file structure07.cif (mmCIF, C-alpha atoms and all ligand atoms)
data_coords
#
loop_
_atom_site.label_atom_id
_atom_site.label_comp_id
_atom_site.auth_asym_id
_atom_site.auth_seq_id
_atom_site.Cartn_x
_atom_site.Cartn_y
_atom_site.Cartn_z
CA MET A 1 -21.99 -11.33 15.00
CA ASN A 2 -20.10 -11.23 18.26
CA THR A 3 -16.72 -9.63 17.66
CA GLN A 4 -15.37 -10.02 21.18
CA ALA A 5 -12.41 -12.30 21.72
CA PRO A 6 -13.52 -15.68 23.08
CA ALA A 7 -12.63 -15.85 26.77
CA ALA A 8 -10.41 -18.88 26.20
CA ALA A 9 -8.46 -17.04 23.51
CA GLN A 10 -7.68 -14.27 25.97
CA SER A 11 -6.53 -16.60 28.70
CA ALA A 12 -4.23 -18.64 26.41
CA PRO A 13 -4.64 -22.13 27.85
CA GLN A 14 -2.06 -24.89 27.69
CA ALA A 15 -3.70 -27.73 25.75
CA ASP A 16 -2.86 -31.39 25.33
CA ALA A 17 -0.10 -31.66 22.72
CA GLN A 18 -1.71 -34.71 21.13
CA GLN A 19 -5.12 -33.14 20.58
CA PRO A 20 -5.85 -30.29 18.22
CA PRO A 21 -7.69 -27.61 20.18
CA ALA A 22 -11.32 -26.75 19.73
CA PRO A 23 -11.55 -23.50 17.75
CA GLN A 24 -12.36 -21.39 20.83
CA GLU A 25 -9.18 -22.59 22.50
CA THR A 26 -6.85 -20.69 20.20
CA ALA A 27 -3.90 -19.55 22.28
CA GLY A 28 -2.26 -16.15 22.18
CA ALA A 29 -3.99 -13.10 20.77
CA PRO A 30 -5.86 -13.94 17.56
CA LEU A 31 -8.16 -10.95 18.05
CA LEU A 32 -7.11 -7.34 18.53
CA GLY A 33 -7.78 -5.53 21.76
CA PRO A 34 -10.49 -2.91 22.37
CA GLY A 35 -9.81 0.26 20.43
CA GLU A 36 -7.84 -1.56 17.72
CA THR A 37 -9.58 -1.98 14.38
CA PRO A 38 -8.60 -4.93 12.21
CA LYS A 39 -8.14 -4.52 8.47
CA ILE A 40 -9.58 -8.01 8.03
CA ALA A 41 -11.61 -9.89 10.63
CA SER A 42 -12.60 -13.55 10.44
CA ARG A 43 -15.25 -15.00 12.74
CA ASP A 44 -16.15 -18.68 13.00
CA VAL A 45 -14.98 -19.39 9.47
CA HIS A 46 -15.33 -22.97 8.29
CA VAL A 47 -14.38 -24.37 4.89
CA HIS A 48 -15.57 -27.71 3.54
CA TYR A 49 -14.38 -29.35 0.33
CA GLY A 50 -17.24 -31.76 -0.11
CA GLU A 51 -17.07 -33.91 3.05
CA LYS A 52 -13.60 -32.67 3.99
CA HIS A 53 -13.67 -30.13 6.83
CA ALA A 54 -10.56 -28.12 5.97
CA ILE A 55 -10.98 -25.01 8.18
CA LYS A 56 -12.67 -25.30 11.56
CA GLY A 57 -14.09 -22.18 13.10
CA VAL A 58 -11.25 -19.70 12.66
CA ASN A 59 -11.43 -16.39 14.55
CA LEU A 60 -8.61 -14.08 13.54
CA ASP A 61 -7.93 -10.37 13.13
CA ILE A 62 -5.42 -9.14 10.57
CA LYS A 63 -3.77 -5.83 11.42
CA GLU A 64 -3.28 -3.05 8.92
CA ASN A 65 0.23 -2.30 7.60
CA GLU A 66 1.69 -5.38 9.14
CA VAL A 67 2.88 -8.68 7.75
CA THR A 68 0.96 -11.64 9.15
CA ALA A 69 2.49 -15.07 8.48
CA PHE A 70 0.49 -18.30 8.34
CA ILE A 71 2.58 -21.32 9.29
CA GLY A 72 1.82 -24.97 9.98
CA PRO A 73 2.35 -28.48 8.62
CA SER A 74 1.40 -29.41 5.10
CA GLY A 75 -2.35 -29.75 4.61
CA CYS A 76 -3.28 -27.81 7.78
CA GLY A 77 -5.35 -25.30 5.78
CA LYS A 78 -3.07 -22.25 5.45
CA SER A 79 -3.73 -21.73 1.73
CA THR A 80 -7.42 -22.55 2.10
CA PHE A 81 -7.85 -19.90 4.78
CA LEU A 82 -5.76 -17.38 2.81
CA ARG A 83 -8.00 -17.92 -0.22
CA CYS A 84 -11.08 -17.18 1.90
CA LEU A 85 -9.84 -13.61 2.39
CA ASN A 86 -10.44 -12.57 -1.23
CA ARG A 87 -12.95 -15.27 -2.13
CA MET A 88 -10.56 -17.23 -4.31
CA ASN A 89 -12.24 -20.38 -2.96
CA ASP A 90 -15.32 -19.30 -4.98
CA THR A 91 -13.44 -20.66 -7.99
CA ILE A 92 -13.37 -24.19 -6.47
CA ASP A 93 -16.73 -25.88 -7.12
CA ILE A 94 -16.73 -28.16 -4.07
CA ALA A 95 -15.52 -25.49 -1.62
CA ARG A 96 -18.12 -24.17 0.84
CA VAL A 97 -17.21 -21.27 3.12
CA THR A 98 -19.31 -20.31 6.15
CA GLY A 99 -18.84 -17.71 8.88
CA ARG A 100 -18.01 -14.07 8.42
CA ILE A 101 -15.02 -12.26 6.96
CA THR A 102 -14.92 -8.49 6.89
CA LEU A 103 -12.63 -6.03 5.14
CA ASP A 104 -12.76 -2.64 6.84
CA GLY A 105 -15.93 -3.85 8.55
CA GLN A 106 -17.70 -4.87 5.31
CA ASP A 107 -18.75 -8.48 4.80
CA VAL A 108 -16.73 -9.73 1.82
CA TYR A 109 -19.23 -12.57 1.27
CA ASP A 110 -22.17 -10.18 0.99
CA LYS A 111 -24.08 -10.90 -2.24
CA ARG A 112 -23.70 -7.27 -3.31
CA VAL A 113 -19.90 -7.44 -3.26
CA ASP A 114 -18.31 -7.30 -6.71
CA VAL A 115 -15.72 -10.07 -6.52
CA VAL A 116 -13.55 -8.50 -9.23
CA GLN A 117 -13.37 -5.26 -7.22
CA LEU A 118 -12.72 -7.23 -4.04
CA ARG A 119 -9.76 -9.01 -5.66
CA ALA A 120 -8.38 -5.66 -6.77
CA ARG A 121 -8.53 -4.47 -3.15
CA VAL A 122 -7.17 -7.78 -1.87
CA GLY A 123 -4.58 -8.86 -4.43
CA MET A 124 -2.81 -12.17 -4.59
CA VAL A 125 0.66 -13.44 -5.45
CA PHE A 126 0.97 -17.18 -6.03
CA GLN A 127 3.57 -19.81 -5.30
CA LYS A 128 4.69 -20.08 -8.91
CA PRO A 129 5.27 -16.80 -10.72
CA ASN A 130 2.51 -16.60 -13.35
CA PRO A 131 3.11 -13.64 -15.66
CA PHE A 132 0.70 -13.27 -18.56
CA PRO A 133 2.09 -14.20 -21.99
CA LYS A 134 2.48 -10.48 -22.73
CA SER A 135 5.24 -7.90 -22.56
CA ILE A 136 6.60 -6.71 -19.21
CA PHE A 137 4.79 -3.41 -19.74
CA GLU A 138 1.47 -5.04 -20.62
CA ASN A 139 1.63 -7.39 -17.63
CA VAL A 140 1.48 -4.37 -15.35
CA ALA A 141 -0.76 -2.17 -17.53
CA TYR A 142 -3.48 -4.81 -17.91
CA GLY A 143 -5.08 -4.46 -14.46
CA PRO A 144 -5.31 -0.65 -14.37
CA ARG A 145 -6.81 -0.73 -17.89
CA ILE A 146 -9.54 -3.29 -17.17
CA HIS A 147 -10.38 -1.66 -13.84
CA GLY A 148 -10.56 1.76 -15.51
CA ILE A 149 -7.99 3.09 -13.03
CA ALA A 150 -6.03 4.91 -15.70
CA ARG A 151 -7.29 6.52 -18.87
CA GLY A 152 -4.66 8.15 -21.03
CA LYS A 153 -1.41 6.62 -22.23
CA ASP A 154 0.62 8.84 -19.88
CA GLU A 155 -1.37 7.81 -16.85
CA ILE A 156 -0.92 4.10 -17.67
CA GLU A 157 2.79 4.63 -18.18
CA ASP A 158 3.09 6.38 -14.81
CA ILE A 159 1.35 3.50 -13.05
CA VAL A 160 3.47 0.87 -14.80
CA MET A 161 6.71 2.67 -13.96
CA SER A 162 5.82 3.36 -10.35
CA SER A 163 4.56 -0.21 -9.81
CA LEU A 164 7.74 -1.70 -11.27
CA ASP A 165 9.74 0.69 -9.11
CA ARG A 166 7.86 -0.25 -5.93
CA ALA A 167 8.35 -3.92 -6.76
CA GLY A 168 12.10 -3.28 -6.99
CA LEU A 169 12.24 -4.30 -10.65
CA LEU A 170 12.34 -1.07 -12.64
CA ASN A 171 16.13 -0.70 -12.86
CA GLU A 172 16.49 -4.25 -14.15
CA VAL A 173 13.81 -4.03 -16.86
CA LYS A 174 13.42 -0.38 -17.88
CA ASP A 175 15.20 -0.94 -21.21
CA TYR A 176 13.24 -4.12 -22.02
CA LEU A 177 9.64 -3.20 -21.28
CA ASP A 178 8.44 -4.58 -24.61
CA GLN A 179 10.05 -7.98 -23.98
CA PRO A 180 7.92 -10.91 -22.77
CA GLY A 181 7.44 -11.14 -19.00
CA THR A 182 7.97 -14.88 -19.25
CA GLY A 183 11.55 -14.26 -20.38
CA LEU A 184 12.59 -12.91 -16.98
CA SER A 185 14.26 -15.00 -14.27
CA GLY A 186 12.00 -16.67 -11.69
CA GLY A 187 12.71 -14.02 -9.06
CA GLN A 188 12.15 -11.20 -11.54
CA GLN A 189 8.90 -12.84 -12.69
CA GLN A 190 7.70 -12.96 -9.09
CA ARG A 191 8.55 -9.26 -8.63
CA LEU A 192 6.68 -8.61 -11.92
CA CYS A 193 3.65 -10.40 -10.41
CA ILE A 194 3.98 -8.21 -7.31
CA ALA A 195 4.15 -5.11 -9.58
CA ARG A 196 1.03 -6.37 -11.36
CA ALA A 197 -0.78 -6.73 -8.04
CA ILE A 198 0.35 -3.28 -6.86
CA ALA A 199 -0.72 -1.61 -10.13
CA VAL A 200 -4.42 -1.80 -9.21
CA SER A 201 -3.80 -0.07 -5.85
CA PRO A 202 -4.68 -2.92 -3.52
CA GLU A 203 -5.01 -2.45 0.22
CA VAL A 204 -4.09 -6.02 1.09
CA ILE A 205 -1.68 -8.38 -0.66
CA LEU A 206 -2.03 -12.12 -0.05
CA MET A 207 1.09 -14.16 -0.79
CA ASP A 208 0.88 -17.93 -0.99
CA GLU A 209 4.43 -19.25 -0.54
CA PRO A 210 5.80 -16.57 -2.87
CA CYS A 211 9.42 -17.71 -2.58
CA SER A 212 9.04 -21.46 -2.76
CA ALA A 213 10.17 -21.59 -6.41
CA LEU A 214 13.03 -19.14 -5.93
CA ASP A 215 16.73 -19.40 -5.10
CA PRO A 216 18.11 -17.82 -1.89
CA ILE A 217 19.17 -14.56 -3.58
CA ALA A 218 15.81 -14.04 -5.28
CA THR A 219 14.13 -15.00 -1.98
CA ALA A 220 16.14 -12.39 -0.07
CA LYS A 221 15.03 -9.72 -2.58
CA ILE A 222 11.37 -10.64 -2.20
CA GLU A 223 11.70 -10.63 1.60
CA GLU A 224 13.28 -7.15 1.51
CA LEU A 225 10.48 -6.03 -0.76
CA ILE A 226 7.81 -7.41 1.59
CA ASP A 227 9.36 -5.42 4.42
CA GLU A 228 9.22 -2.23 2.33
CA LEU A 229 5.69 -2.87 1.07
CA ARG A 230 4.14 -3.17 4.51
CA GLU A 231 4.45 0.59 4.92
CA ASN A 232 1.65 0.95 2.36
CA TYR A 233 -0.09 -2.41 2.31
CA THR A 234 -1.40 -5.06 4.66
CA ILE A 235 0.32 -8.32 3.83
CA VAL A 236 -0.59 -11.92 4.64
CA ILE A 237 1.94 -14.57 3.69
CA VAL A 238 1.74 -18.35 3.78
CA THR A 239 5.16 -19.86 4.25
CA HIS A 240 6.69 -23.27 4.93
CA SER A 241 9.82 -21.56 6.18
CA MET A 242 9.77 -20.64 9.84
CA GLN A 243 12.94 -18.60 9.25
CA GLN A 244 11.08 -16.63 6.61
CA ALA A 245 8.10 -16.06 8.91
CA ALA A 246 10.49 -14.87 11.62
CA ARG A 247 12.31 -12.54 9.20
CA VAL A 248 9.37 -10.89 7.47
CA SER A 249 6.34 -10.94 9.74
CA GLN A 250 5.19 -9.02 12.77
CA ARG A 251 2.43 -11.49 13.65
CA THR A 252 2.33 -15.23 13.14
CA ALA A 253 -0.64 -17.59 13.09
CA PHE A 254 -0.02 -21.32 13.53
CA PHE A 255 -2.54 -23.73 11.98
CA HIS A 256 -2.92 -27.45 12.62
CA LEU A 257 -5.53 -29.78 11.11
CA GLY A 258 -7.74 -26.87 10.09
CA ASN A 259 -7.62 -25.19 13.50
CA LEU A 260 -5.96 -21.90 14.31
CA VAL A 261 -3.90 -23.11 17.27
CA GLU A 262 -2.08 -19.95 18.22
CA CYS A 263 -1.58 -16.41 17.00
CA GLY A 264 0.60 -13.69 18.41
CA ASP A 265 3.61 -11.44 17.94
CA THR A 266 6.08 -13.30 15.76
CA GLU A 267 8.88 -12.97 18.30
CA GLN A 268 6.69 -14.42 21.04
CA ILE A 269 5.51 -17.30 18.84
CA PHE A 270 9.09 -18.31 18.07
CA THR A 271 10.60 -17.71 21.50
CA ASN A 272 7.75 -18.42 23.90
CA PRO A 273 4.86 -20.26 22.24
CA GLN A 274 1.92 -20.79 24.56
CA HIS A 275 0.50 -23.91 22.98
CA ARG A 276 2.38 -27.19 23.06
CA LEU A 277 1.46 -27.91 19.44
CA THR A 278 3.10 -24.65 18.38
CA GLN A 279 6.15 -25.52 20.45
CA GLY A 280 6.30 -28.98 18.89
CA TYR A 281 6.13 -27.52 15.38
CA ILE A 282 8.66 -24.73 15.79
CA THR A 283 11.16 -27.05 17.46
CA GLY A 284 10.81 -29.49 14.59
CA ARG A 285 9.17 -32.29 16.59
CA PHE A 286 6.58 -32.62 13.83
CA GLY A 287 5.86 -30.98 10.54
N1 LIG A 301 -9.37 -27.95 -4.18
C1 LIG A 301 -9.43 -28.84 -3.16
N2 LIG A 301 -10.28 -29.88 -3.21
C2 LIG A 301 -10.36 -30.76 -2.19
N3 LIG A 301 -9.60 -30.70 -1.08
C3 LIG A 301 -8.71 -29.71 -0.99
C4 LIG A 301 -8.58 -28.71 -2.01
N4 LIG A 301 -7.62 -27.84 -1.65
C5 LIG A 301 -7.18 -28.25 -0.44
N5 LIG A 301 -7.83 -29.37 -0.05
C6 LIG A 301 -7.63 -30.10 1.22
O1 LIG A 301 -7.82 -29.20 2.28
C7 LIG A 301 -6.85 -29.40 3.29
C8 LIG A 301 -6.07 -28.10 3.49
O2 LIG A 301 -5.28 -27.87 2.32
P1 LIG A 301 -4.42 -26.55 2.12
O3 LIG A 301 -3.81 -26.63 0.76
O4 LIG A 301 -5.22 -25.38 2.45
O5 LIG A 301 -3.32 -26.74 3.25
P2 LIG A 301 -1.90 -26.03 3.40
O6 LIG A 301 -1.66 -25.91 4.85
O7 LIG A 301 -1.86 -24.79 2.59
O8 LIG A 301 -0.95 -27.13 2.76
P3 LIG A 301 0.48 -26.97 2.07
O9 LIG A 301 1.38 -26.38 3.09
O10 LIG A 301 0.86 -28.39 1.72
O11 LIG A 301 0.30 -26.09 0.86
C9 LIG A 301 -5.98 -30.56 2.83
O12 LIG A 301 -6.46 -31.74 3.41
C10 LIG A 301 -6.19 -30.58 1.34
O13 LIG A 301 -6.04 -31.88 0.83
#

call {"tool": "encode", "arguments": {"input": "structure07.cif", "output": "structure tokens"}}
result
Amino acid sequence: MNTQAPAAAQSAPQADAQQPPAPQETAGAPLLGPGETPKIASRDVHVHYGEKHAIKGVNLDIKENEVTAFIGPSGCGKSTFLRCLNRMNDTIDIARVTGRITLDGQDVYDKRVDVVQLRARVGMVFQKPNPFPKSIFENVAYGPRIHGIARGKDEIEDIVMSSLDRAGLLNEVKDYLDQPGTGLSGGQQQRLCIARAIAVSPEVILMDEPCSALDPIATAKIEELIDELRENYTIVIVTHSMQQAARVSQRTAFFHLGNLVECGDTEQIFTNPQHRLTQGYITGRFG
């Protein structure tokens, strides 16, 4: 597989605002330069749901220890592409993924890949907080137990405490660890889900609109947390909020009708987009 940036992607053309670009015409810098190694690399990735062509030849590199935001109008394929990165689309019968996605250079769609292990390395946090119907402690302990990450009681307890701490939740719940996770507020439940993802030592955390069900205060806490987490994890976030993308991400990828239209430094995308479709979206001309 050719891993060089397509020439058109390097030269960042100005395309017709009415027409979605062909995949090779992605503006900005979707691929890293020579000498830079992506954590995740996608090459010519297409997704079909039956007849529906939802993702059209996406070439994109995701940098390590950065937050990459996926933005774009509803239905443009952000969540579909996110789900390709840890094979969550495998759970959708009619979804067909082609192309190549690598994690640290290894093909995640290789038949020998253990999908359960892959999803431990590339964890996911969903739009609606979805704690298990178990205690706060058990929500976090479950993953390390089934993955055999921790053996003794003390080791499990250490992981639970440090995961809750990293997710910024420990102080609020330390006296109620045996209470049901579902009894927490929405924002706390989402931080519990982040703690649950962290507990299995992922390298990448995918977040699909993690704040859409939360109030502004809970949202601010999650955004702060995302900023702290990027020191140790690679984060990819789908968001409908351009303000959120601008606040939390270092790189932003703009999708439209299944195409990756433009990708670049978040500041550049929001202040000096190269593609007229990106400009139209961020200035609110469509969405
Ligand atoms: N399970 C599915 N079965 C069939 N079609 C689907 C499925 N999931 C998504 N699609 C279609 O694929 C396209 C991309 O959807 P996707 O949810 O990835 O977009 P999105 O940009 O994340 O949208 P939103 O911002 O509204 O969440 C849409 O046309 C959608 O209807």

call {"tool": "residues_near_ligand", "arguments": {"input": "structure07.cif", "ligand": "ligand LIG 301 (chain A)", "cutoff": "9 Å", "atoms": "only C-alpha atoms and all ligand atoms", "output": "compact mmCIF listing (two decimals) with C-alpha atoms, in the frame of the given file"}}
result
# COMPACT_ATOMS: atom_id res chain seq x y z
CA VAL A 47 -14.38 -24.37 4.89
CA HIS A 48 -15.57 -27.71 3.54
CA TYR A 49 -14.38 -29.35 0.33
CA GLY A 50 -17.24 -31.76 -0.11
CA LYS A 52 -13.60 -32.67 3.99
CA HIS A 53 -13.67 -30.13 6.83
CA ALA A 54 -10.56 -28.12 5.97
CA ILE A 55 -10.98 -25.01 8.18
CA PHE A 70 0.49 -18.30 8.34
CA ILE A 71 2.58 -21.32 9.29
CA GLY A 72 1.82 -24.97 9.98
CA PRO A 73 2.35 -28.48 8.62
CA SER A 74 1.40 -29.41 5.10
CA GLY A 75 -2.35 -29.75 4.61
CA CYS A 76 -3.28 -27.81 7.78
CA GLY A 77 -5.35 -25.30 5.78
CA LYS A 78 -3.07 -22.25 5.45
CA SER A 79 -3.73 -21.73 1.73
CA THR A 80 -7.42 -22.55 2.10
CA PHE A 81 -7.85 -19.90 4.78
CA LEU A 82 -5.76 -17.38 2.81
CA ARG A 83 -8.00 -17.92 -0.22
CA ASN A 89 -12.24 -20.38 -2.96
CA ILE A 92 -13.37 -24.19 -6.47
CA ASP A 93 -16.73 -25.88 -7.12
CA ILE A 94 -16.73 -28.16 -4.07
CA ALA A 95 -15.52 -25.49 -1.62
CA ASP A 208 0.88 -17.93 -0.99
CA GLU A 209 4.43 -19.25 -0.54
CA VAL A 238 1.74 -18.35 3.78
CA THR A 239 5.16 -19.86 4.25
CA HIS A 240 6.69 -23.27 4.93
CA PHE A 255 -2.54 -23.73 11.98
CA HIS A 256 -2.92 -27.45 12.62
CA LEU A 257 -5.53 -29.78 11.11
CA GLY A 258 -7.74 -26.87 10.09

call {"tool": "closest_residue", "arguments": {"input": "structure07.cif", "among": "A:Gly187, A:Pro34, A:Gly152, A:Gly123", "to": "Tyr233 of chain A", "atoms": "all atoms listed in the file"}}
result
A:Gly123

call {"tool": "atom_distance", "arguments": {"input": "structure07.cif", "atom1": "atom CA of Arg112 of chain A", "atom2": "atom CA of Val97 of chain A"}}
result
16.7 Å

call {"tool": "closest_residue", "arguments": {"input": "structure07.cif", "among": "A:His46, A:Arg166, A:Lys63, A:Lys111", "to": "Ala199 of chain A", "atoms": "only C-alpha atoms"}}
result
A:Arg166

call {"tool": "residues_around", "arguments": {"input": "structure07.cif", "residues": "Pro133 of chain A", "least_positions_apart": "5", "cutoff": "12 Å", "atoms": "all atoms listed in the file", "output": "list of chain:residue names"}}
result
A:Glu138, A:Asn139, A:Val140, A:Tyr142, A:Asp178, A:Gln179, A:Pro180, A:Gly181, A:Thr182, A:Gly183, A:Leu184, A:Gln189

call {"tool": "atom_distance", "arguments": {"input": "structure07.cif", "atom1": "atom CA of Ala195 of chain A", "atom2": "atom CA of Gln244 of chain A"}}
result
21.0 Å

call {"tool": "atom_distance", "arguments": {"input": "structure07.cif", "atom1": "atom CA of Thr37 of chain A", "atom2": "atom CA of Arg119 of chain A"}}
result
21.2 Å

call {"tool": "residues_around", "arguments": {"input": "structure07.cif", "residues": "Asp175 of chain A", "least_positions_apart": "6", "cutoff": "12 Å", "atoms": "all atoms listed in the file", "output": "NGL selection string"}}
result
:A and (136-137 or 161 or 169)

call {"tool": "write_last_selection", "arguments": {"input": "structure07.cif", "atoms": "C-alpha atoms", "output": "mmCIF file, in the coordinates of the input"}}
result
data_model
loop_
_atom_site.group_PDB
_atom_site.id
_atom_site.type_symbol
_atom_site.label_atom_id
_atom_site.label_comp_id
_atom_site.auth_asym_id
_atom_site.auth_seq_id
_atom_site.Cartn_x
_atom_site.Cartn_y
_atom_site.Cartn_z
ATOM 1 C CA ILE A 136 6.600 -6.710 -19.210
ATOM 2 C CA PHE A 137 4.790 -3.410 -19.740
ATOM 3 C CA MET A 161 6.710 2.670 -13.960
ATOM 4 C CA LEU A 169 12.240 -4.300 -10.650
#

call {"tool": "residues_near_point", "arguments": {"input": "structure07.cif", "point": "(7.4, -3.1, 2.3)", "cutoff": "12 Å", "atoms": "all atoms listed in the file", "output": "PyMOL selection string"}}
result
chain A and resi 65-67+166-168+194+198+204-205+221-235+248-249

call {"tool": "closest_residue", "arguments": {"input": "structure07.cif", "among": "A:Pro273, A:Gly33, A:Pro131, A:Gly143", "to": "Gln190 of chain A", "atoms": "only C-alpha atoms"}}
result
A:Pro131

call {"tool": "closest_residue", "arguments": {"input": "structure07.cif", "among": "A:Asp90, A:Glu262, A:Glu172, A:Asp110", "to": "Arg276 of chain A", "atoms": "only C-alpha atoms"}}
result
A:Glu262

call {"tool": "closest_residue", "arguments": {"input": "structure07.cif", "among": "A:Ser42, A:Gln250, A:Asn59, A:Asn259", "to": "Gly105 of chain A", "atoms": "only C-alpha atoms"}}
result
A:Ser42
